[in-house]
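Engineer: Submitted below is the structure of interest, expressed as structure tokens.
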Amino acid sequence: MSKLYVVGIGPGGLNHMTFEARQAIEDADVIVGYQAYLDFIQPLLAGKLLYSSGMMREVERCSQALAVAASGKTVALVSSGDAGIYGMAGLALELADEPDAPSGVEVVVVPGVSAVQAAASVLGAPLMHDFAVISLSDLLTPLEKIRQRLRAAAEADFVVALYNPRSKGRTTQIEEAAAILIAARGSQVPVGIVRNACRDGEERIITTLGEMLNHPIDMFSIVIIGNASTRLCKDGRIVTPRGYATRGESQNPNRRKRSAGMDTAAPGADPHAVMFCGTGSDVGKSVLTAGFCRILKRHGLSVAPFKSQNMALNSAVTPEGGEIGRAQGVQAEACGIPPHTDMNPILLKPNSDTGSQVIVQGKVVRNMGVKEYNAFKPEAFLKVKESFQRLRERYSFIVMEGAGSIAEINLREHDIANLKVAAMAGAPAILVADIDRGGVFAQIVGTLELLTPEEKALVKGVIINKFRGDASLLASGIEYVENRTGVPVLGVLPWFKGLALPEEDSVALQKKPAVPKEPQSGERLRVGVVRLPRISNYTDFAVLEAEPDVDLYYIHSPWLVETMDLVIIPGTKSTIADLVSIREQGIADALSRFQGAVVGICGGYQMLGVTVNDPDRVETSLESAQGLGLLDVVTTMLKEKQTHQAQGELLPAGEGVAPGCSPAIAGYEIHMGESVLGSGASPFARICSRSGSDTDLEEGAVSADGRVFGTYLHGIFDNHGFRTAFLNRLRRRKGIPEQAEAALAPDPFDELAAHMEKHLDLERIFQICGISPLRVHPPQTFPPGRGSHAASPAQENDREPNLLPPEGRDGGSETTVA
């Protein structure tokens with residue numbers, strides 16, 4: 001009797017074929033199969049007679065294989081994956097069982113690694129418990145039967161693996177499948193999409209059920225959708241626990257403890273975290289987060305800030321050299337602790353209309369466009385969870401900040417910044433609305449109406465912020481909002497001017513004055529900051545705005561340059577592109593004619609030089625660009641970004657810029673380039689310490705006449721002695737009175753905390769946060785001079801460490817988005 005082997009060759013790589021499958025191919029005289037599958041095993045086909053055909057000709061291939069085998073030859077009929085799972089084995093047995101089938105043929109089924117097994121191995125272990133495999137192709141199965149099977153599998157909480165999920169002409173089945181499964185198990189269930197599993201061109205995407213359809217899916221893909229217990233591991237792989245860790249505490253108490261720590265259920269009675277979210281950008285979330293941090297610190301709690309994803313033009317550097325949003329650095333100051341990258345694990349720095357530099361846990365990943373970043377978000381969200389968990393383990397309470405508006409329904413499926421994060425943390429949310437921009441009641445009601453029932457359930461209260469006037473006039477509106485939404489208003493906060501928290505985005509920048517006006521009385525210094533298209537860290541100049549005789553403008557017209565006493569070129573996320581831009585605007589020519597003082601910070605310093613080289617095309621496609629030529633400096637862009645907190649001292653040329661000030665200075669560096677001075681420039685300062693390590697580096701440059709200087713040190717004007725001496729030099733030149741160095745101001749965080757305690761229903765907020773009044777100590781007060789960096793007595797004796805240990809720092813990945 002002749003043999004017909006129906007061979008499962010596995011996913012396509014020869015390394016995944018079984019020994020039995022190889023032996024069957026070797027023993028066969030004739031190989032029959034779909035041409036694409038024969039190509040996978042081409043090295044095994046030498047000397048064999050081949051019969052191949054295209055798609056949709058399965059019956060023809062099977063019949064031919066049986067006929068050839070009946071003639072006395074040994075035949076191998078090839079299937080990809082396993083021959084018995086959507087393969088040729090069933091059809092071969094059916095045809096061999098027909099009354100008129102060729103006789104004398106033994107059909108032998110040779111198993112192989114199925115596509116679902118291959119895909120599962122790429123994803124981790126998603127099939128560890130009961131699962132269902134469903135093909136979405138309706139060529140052989142009626143569509144209603146497919147729907148019925150999907151509903152049954154969804155209701156029974158099977159892990160579901162989808163074969164044939166989408167083709168060019170068949171696109172709706174995968175959409176229906178997603179809708180059926182979301183209805184049964186929600187949108188946050190982990191999903192893995194594997195294309196070309198275990199063979200050349202393999203691709204893996206980890207996402208969620210709600211975001212699944214935003215990723216490419218085709219006939220070469222297997223989609224595996226988790227059940228209620230499926231979760232992501234720390235390394236990003238999917239696992240469906242079978243129950244070993246829950247069969248008894250005595251079996252493995254450590255695993256039970258870990259599972260509890262990773263719980264992402266909705267807020268309970270004692271959440272240990274709260275999120276301040278907003279009806280929009282620039283409503284005051286950052287300030288209220290800082291204020292509530294200080295309130296809890298004053299009450300003796302160990303507290304830390306957290307913003308999962310921050311899109312910001314202004315950033316800060318942590319002591320270990322990581323980059324985070326500047327607001328989180330200030331919020332850490334309100335907590336009395338050093339900033340850490342876990343406080344802002346994802347930082348996006350826009351560098352074009354459609355893309356951003358993505359920074360993950362303090363380190364740059366790469367530049368990404370919107371679609372690329374959306375595909376990266378599941379990986380980013382793992383870092384968010386990881387950072388939050390570390391903070392949670394080290395502090396008694398986490399005060400979280402949302403991003404923008406929580407009601408952007410077009411962004412809901414990709415949310416890793418707002419209510420999805422609150423749900424992950426088990427944190428209630430408090431909605432902040434800005435009455436100063438108008439329409440506050442529409443803001444509140446509209447925002448809440450656009451939320452899903454699950455999202456709205458997270459919002460436990462509303463704060464109306466930035467009010468000017470008599471709060472009693474709002475009573476009827478507040479009553480309507482509470483009756484309409486069922487969400488209480490927790491207070492109306494009058495405008496607070498005591499804390500100038502660093503702004504994050506272009507919304508705040510739009511409010512900056514751009515055109516100078518004649519001073520109302522007396523002589524004043526006019527300072528113009530060039531408004532670069534890709535400006536960054538413009539918070540460097542907030543202290544100049546606070547000077548009593550300084551008018552600061554963000555200028556973008558060349559004719560304004562000559563009207564200034566000082567022109568500053570600020571930092572930028574793309575030096576060469578912005579250098580080209582100011583040339584096109586005519587600002588470069590205006591600066592070459594300007595006779596007043598000129599300062600460049602970071603990217604602005606690079607522009608002041610003779611040339612900016614970019615041999616590796618780090619920033620643009622240009623290899624080199626001519627600088628403004630105001631400093632004898634050549635800059636070369638490097639691939640690695642430098643991020644450091646730095647301390648140093650002014651060198652003689654730097655002391656000449658600010659005569660009479662103390663030489664000690666401090667700041668932070670965030671830059672991609674290295675600048676080399678020529679003979680026509682002198683170094684500005686010497687850096688003695690970088691990120692806590694001793695060093696000896698010359699930094700910055702000063703022109704021969706002292707009129708122009710540049711530095712990589714952000715925050716140079718935050719050095720009070722330097723700022724006062726530098727501005728007094730300009731005042732003397734203009735013939736206006738000098739100013740004394742500013743005296744130490746009262747702690748603005750304590751003032752903000754007192755302001756919030758006065759106007760908010762703090763007792764109710766504590767209840768929302770799960771903070772029992774019995775656990776809260778009376779507010780701590782600080783003796784004069786201790787400042788916001790000093791720990792309260794409660795913290796000095798606190799058993800919970802306030803510093804994150806080095807082993808908790810993970811570089812992670814980076815990305816960019818708009």
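Ordered as shown in the structure tokens, chains take letters A, B, and onward, while each chain numbers its residues from 1 and ligands are numbered from 1 in the order shown.
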Which residues are close to stretch 580-591 of chain A, i.e. within 10 Å by only C-alpha atoms, leaving aside same-chain residues fewer than 2 positions away? Reply as a PyMOL selection string.
Structural biologist: chain A and resi 530-534+555-562+567+575-578+593-596+598+607-608+625-630
Engineer: Store the residues picked out above in a file with C-alpha atoms, as an mmCIF file, in the first residue's frame.
Structural biologist:
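Contents of selection-v2.cif, freshly written:
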data_model
loop_
_atom_site.group_PDB
_atom_site.id
_atom_site.type_symbol
_atom_site.label_atom_id
_atom_site.label_comp_id
_atom_site.auth_asym_id
_atom_site.auth_seq_id
_atom_site.Cartn_x
_atom_site.Cartn_y
_atom_site.Cartn_z
ATOM 1 C CA VAL A 530 13.619 85.558 19.982
ATOM 2 C CA ARG A 531 10.489 83.481 19.495
ATOM 3 C CA LEU A 532 11.959 80.474 17.728
ATOM 4 C CA PRO A 533 9.535 78.093 15.974
ATOM 5 C CA ARG A 534 10.888 75.181 18.039
ATOM 6 C CA ILE A 555 9.825 88.856 19.459
ATOM 7 C CA HIS A 556 9.666 87.482 15.933
ATOM 8 C CA SER A 557 10.088 90.634 13.819
ATOM 9 C CA PRO A 558 13.519 91.993 12.812
ATOM 10 C CA TRP A 559 12.527 95.638 13.410
ATOM 11 C CA LEU A 560 11.951 94.890 17.099
ATOM 12 C CA VAL A 561 15.576 93.848 17.659
ATOM 13 C CA GLU A 562 16.915 97.415 17.638
ATOM 14 C CA VAL A 567 18.310 90.134 23.021
ATOM 15 C CA THR A 575 19.106 74.343 16.196
ATOM 16 C CA ILE A 576 19.739 74.196 12.456
ATOM 17 C CA ALA A 577 16.066 74.392 11.454
ATOM 18 C CA ASP A 578 15.482 77.417 13.695
ATOM 19 C CA ARG A 593 23.585 95.123 13.135
ATOM 20 C CA PHE A 594 22.491 95.185 16.800
ATOM 21 C CA GLN A 595 24.947 96.878 19.183
ATOM 22 C CA GLY A 596 23.349 95.874 22.475
ATOM 23 C CA VAL A 598 23.196 89.391 23.195
ATOM 24 C CA MET A 607 23.439 79.650 16.774
ATOM 25 C CA LEU A 608 25.688 82.494 17.932
ATOM 26 C CA ALA A 625 24.722 75.585 8.548
ATOM 27 C CA GLN A 626 26.334 79.004 8.869
ATOM 28 C CA GLY A 627 25.878 80.511 12.329
ATOM 29 C CA LEU A 628 25.280 84.139 13.264
ATOM 30 C CA GLY A 629 29.017 84.715 13.696
ATOM 31 C CA LEU A 630 28.698 86.673 16.951
#
Engineer: Which residues are close to stretch 50-65 of chain A, i.e. within 12 Å by only C-alpha atoms, leaving aside same-chain residues fewer than 3 positions away? Reply as JSON, numbers by chain.
Structural biologist: {"A": [2, 3, 4, 5, 6, 25, 28, 29, 30, 31, 32, 33, 34, 35, 36, 37, 38, 39, 42, 44, 45, 46, 47, 68, 69, 70, 71, 72, 73, 74, 75, 76, 77, 78, 79, 86, 87, 88, 89, 90, 91, 92, 93, 94, 95, 96, 97, 98, 100, 101, 102, 105, 106, 107, 139, 140]}
Engineer: Using DSSP secondary structure from the backbone, list all strand (DSSP E or B) positions within stretch 560-635 of chain A, as a PyMOL selection string.
Structural biologist: chain A and resi 566-569+571-572+597-601+611-613+624-626+633-635
Engineer: Near stretch 11-17 of chain A, counting only C-alpha atoms, which residues have an atom at most 9 Å away, once you skip same-chain residues fewer than 4 positions from it, shown as a PyMOL selection string?
Structural biologist: chain A and resi 21-22+37+39-41+43+80-82+112-115+118+196-200
Engineer: Compile the contact shell of A:Ala685 as a PyMOL selection string: residues with an atom at most 7 Å away, counting only C-alpha atoms, same-chain residues fewer than 3 positions apart removed.
Structural biologist: chain A and resi 648-651+654+698-700
Engineer: Go ahead and save the residues from that selection, with N, CA, C and O atoms, as a PDB file, in the first residue's frame.
Structural biologist:
ATOM      1  N   GLY A 648      29.342  75.032  38.995  1.00  0.00           N
ATOM      2  CA  GLY A 648      30.663  75.494  38.558  1.00  0.00           C
ATOM      3  C   GLY A 648      30.935  76.891  39.061  1.00  0.00           C
ATOM      4  O   GLY A 648      30.303  77.377  40.008  1.00  0.00           O
ATOM      5  N   GLU A 649      31.876  77.556  38.391  1.00  0.00           N
ATOM      6  CA  GLU A 649      32.232  78.920  38.765  1.00  0.00           C
ATOM      7  C   GLU A 649      32.582  79.708  37.517  1.00  0.00           C
ATOM      8  O   GLU A 649      33.079  79.158  36.520  1.00  0.00           O
ATOM      9  N   LEU A 650      32.295  80.992  37.565  1.00  0.00           N
ATOM     10  CA  LEU A 650      32.604  81.868  36.439  1.00  0.00           C
ATOM     11  C   LEU A 650      34.111  82.004  36.267  1.00  0.00           C
ATOM     12  O   LEU A 650      34.858  82.090  37.249  1.00  0.00           O
ATOM     13  N   LEU A 651      34.551  82.002  35.037  1.00  0.00           N
ATOM     14  CA  LEU A 651      35.943  82.311  34.709  1.00  0.00           C
ATOM     15  C   LEU A 651      36.057  83.819  34.481  1.00  0.00           C
ATOM     16  O   LEU A 651      35.037  84.527  34.471  1.00  0.00           O
ATOM     17  N   GLY A 654      33.583  85.395  32.188  1.00  0.00           N
ATOM     18  CA  GLY A 654      32.232  85.337  32.729  1.00  0.00           C
ATOM     19  C   GLY A 654      32.015  86.353  33.827  1.00  0.00           C
ATOM     20  O   GLY A 654      30.939  86.955  33.937  1.00  0.00           O
ATOM     21  N   GLU A 698      35.630  73.366  30.746  1.00  0.00           N
ATOM     22  CA  GLU A 698      35.327  74.750  30.383  1.00  0.00           C
ATOM     23  C   GLU A 698      33.988  74.775  29.655  1.00  0.00           C
ATOM     24  O   GLU A 698      33.680  73.867  28.860  1.00  0.00           O
ATOM     25  N   GLU A 699      33.187  75.811  29.921  1.00  0.00           N
ATOM     26  CA  GLU A 699      31.825  75.840  29.405  1.00  0.00           C
ATOM     27  C   GLU A 699      31.489  77.228  28.899  1.00  0.00           C
ATOM     28  O   GLU A 699      31.889  78.236  29.497  1.00  0.00           O
ATOM     29  N   GLY A 700      30.731  77.292  27.785  1.00  0.00           N
ATOM     30  CA  GLY A 700      30.251  78.555  27.271  1.00  0.00           C
ATOM     31  C   GLY A 700      31.335  79.389  26.621  1.00  0.00           C
ATOM     32  O   GLY A 700      32.502  78.982  26.541  1.00  0.00           O
TER      33      GLY A 700
END
Engineer: Calculated over only C-alpha atoms, which of the candidates A:Val116, A:Leu213, A:Val550, A:Val527 has the smallest distance to A:Ile736?
Structural biologist: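 Answer, going by the shortest atom-to-atom distance: A:Val550.
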Engineer: Could you go through stretch 110-330 of chain A and tell me which residues DSSP, when run on the backbone, assigns to helix (DSSP H, G or I), listing them as a PyMOL selection string?
Structural biologist: chain A and resi 115-123+143-155+172-185+212-214+244-246+253-261+285-298+326-330
Engineer: Hey, what's within 12 Å of A:Ala156 if we count only C-alpha atoms and toss same-chain stuff fewer than 4 positions away? As a list in words, please?
Structural biologist: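 Contacts, with the query itself left out: Asp130, Phe131, Ala132, Arg149, Leu150, Arg151, Ala152, Val160, Leu181, Ala184, Arg185, Asn227 and Ala228 of chain A.
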Engineer: Any idea what's packed within 6 Å of stretch 308-318 of chain A, counting only C-alpha atoms, ignoring anything in its chain fewer than 4 positions away? Could you give it as a PDB file with N, CA and C atoms, in the first residue's frame?
Structural biologist:
ATOM      1  N   GLY A 322      18.569  62.365  34.295  1.00  0.00           N
ATOM      2  CA  GLY A 322      17.426  62.078  33.450  1.00  0.00           C
ATOM      3  C   GLY A 322      16.632  63.336  33.166  1.00  0.00           C
ATOM      4  N   GLU A 323      15.849  63.307  32.079  1.00  0.00           N
ATOM      5  CA  GLU A 323      15.077  64.474  31.666  1.00  0.00           C
ATOM      6  C   GLU A 323      13.593  64.234  31.933  1.00  0.00           C
ATOM      7  N   ILE A 324      12.946  65.187  32.605  1.00  0.00           N
ATOM      8  CA  ILE A 324      11.517  65.104  32.897  1.00  0.00           C
ATOM      9  C   ILE A 324      10.884  66.463  32.637  1.00  0.00           C
ATOM     10  N   GLY A 325       9.550  66.514  32.691  1.00  0.00           N
ATOM     11  CA  GLY A 325       8.863  67.786  32.575  1.00  0.00           C
ATOM     12  C   GLY A 325       9.245  68.724  33.707  1.00  0.00           C
ATOM     13  N   ARG A 326       9.403  69.997  33.380  1.00  0.00           N
ATOM     14  CA  ARG A 326       9.861  70.956  34.389  1.00  0.00           C
ATOM     15  C   ARG A 326       8.866  71.072  35.539  1.00  0.00           C
ATOM     16  N   PRO A 339      13.828  65.496  42.447  1.00  0.00           N
ATOM     17  CA  PRO A 339      13.069  64.972  41.307  1.00  0.00           C
ATOM     18  C   PRO A 339      13.658  63.654  40.820  1.00  0.00           C
ATOM     19  N   HIS A 340      12.810  62.809  40.243  1.00  0.00           N
ATOM     20  CA  HIS A 340      13.248  61.519  39.717  1.00  0.00           C
ATOM     21  C   HIS A 340      12.496  61.238  38.427  1.00  0.00           C
ATOM     22  N   ASN A 344       7.872  61.376  35.971  1.00  0.00           N
ATOM     23  CA  ASN A 344       7.355  61.695  34.622  1.00  0.00           C
ATOM     24  C   ASN A 344       7.997  60.709  33.641  1.00  0.00           C
ATOM     25  N   PRO A 345       7.493  59.474  33.604  1.00  0.00           N
ATOM     26  CA  PRO A 345       8.175  58.443  32.813  1.00  0.00           C
ATOM     27  C   PRO A 345       8.152  58.673  31.310  1.00  0.00           C
ATOM     28  N   ILE A 346       7.134  59.373  30.789  1.00  0.00           N
ATOM     29  CA  ILE A 346       7.068  59.633  29.340  1.00  0.00           C
ATOM     30  C   ILE A 346       7.029  61.136  29.123  1.00  0.00           C
ATOM     31  N   LEU A 347       8.037  61.650  28.445  1.00  0.00           N
ATOM     32  CA  LEU A 347       8.108  63.073  28.118  1.00  0.00           C
ATOM     33  C   LEU A 347       8.180  63.216  26.600  1.00  0.00           C
ATOM     34  N   LEU A 348       7.278  63.999  26.034  1.00  0.00           N
ATOM     35  CA  LEU A 348       7.247  64.251  24.599  1.00  0.00           C
ATOM     36  C   LEU A 348       7.645  65.701  24.350  1.00  0.00           C
ATOM     37  N   LYS A 349       8.652  65.912  23.503  1.00  0.00           N
ATOM     38  CA  LYS A 349       9.095  67.258  23.179  1.00  0.00           C
ATOM     39  C   LYS A 349       8.853  67.491  21.697  1.00  0.00           C
ATOM     40  N   VAL A 384       5.067  53.310  32.228  1.00  0.00           N
ATOM     41  CA  VAL A 384       4.250  54.112  33.130  1.00  0.00           C
ATOM     42  C   VAL A 384       3.893  53.301  34.369  1.00  0.00           C
ATOM     43  N   ALA A 417      -2.415  59.034  29.558  1.00  0.00           N
ATOM     44  CA  ALA A 417      -2.090  60.220  30.327  1.00  0.00           C
ATOM     45  C   ALA A 417      -3.175  60.625  31.311  1.00  0.00           C
ATOM     46  N   GLU A 504       4.263  74.609  30.543  1.00  0.00           N
ATOM     47  CA  GLU A 504       4.679  73.398  29.841  1.00  0.00           C
ATOM     48  C   GLU A 504       4.598  73.518  28.332  1.00  0.00           C
ATOM     49  N   ASP A 505       3.644  74.264  27.809  1.00  0.00           N
ATOM     50  CA  ASP A 505       3.397  74.143  26.373  1.00  0.00           C
ATOM     51  C   ASP A 505       3.164  75.494  25.731  1.00  0.00           C
ATOM     52  N   SER A 536      12.353  75.958  23.258  1.00  0.00           N
ATOM     53  CA  SER A 536      12.229  75.059  24.407  1.00  0.00           C
ATOM     54  C   SER A 536      12.789  75.754  25.640  1.00  0.00           C
ATOM     55  N   ASN A 537      12.321  75.310  26.790  1.00  0.00           N
ATOM     56  CA  ASN A 537      12.797  75.800  28.081  1.00  0.00           C
ATOM     57  C   ASN A 537      12.799  77.317  28.175  1.00  0.00           C
TER      58      ASN A 537
END
Engineer: Here is a test: counting only C-alpha atoms, which residue of A:Trp495, A:Phe220, A:Tyr163, A:Phe19 is nearest to A:Asp434?
Structural biologist: A:Trp495
Engineer: For each of A:Arg468, A:Gly667, A:Glu386, A:Thr635, take the minimum atom-to-atom distance to A:His720, counting only C-alpha atoms, then give the residue where this is smallest.
Structural biologist: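 Checking each of A:Arg468, A:Gly667, A:Glu386, A:Thr635 against A:His720, counting only C-alpha atoms, the winner is A:Gly667.
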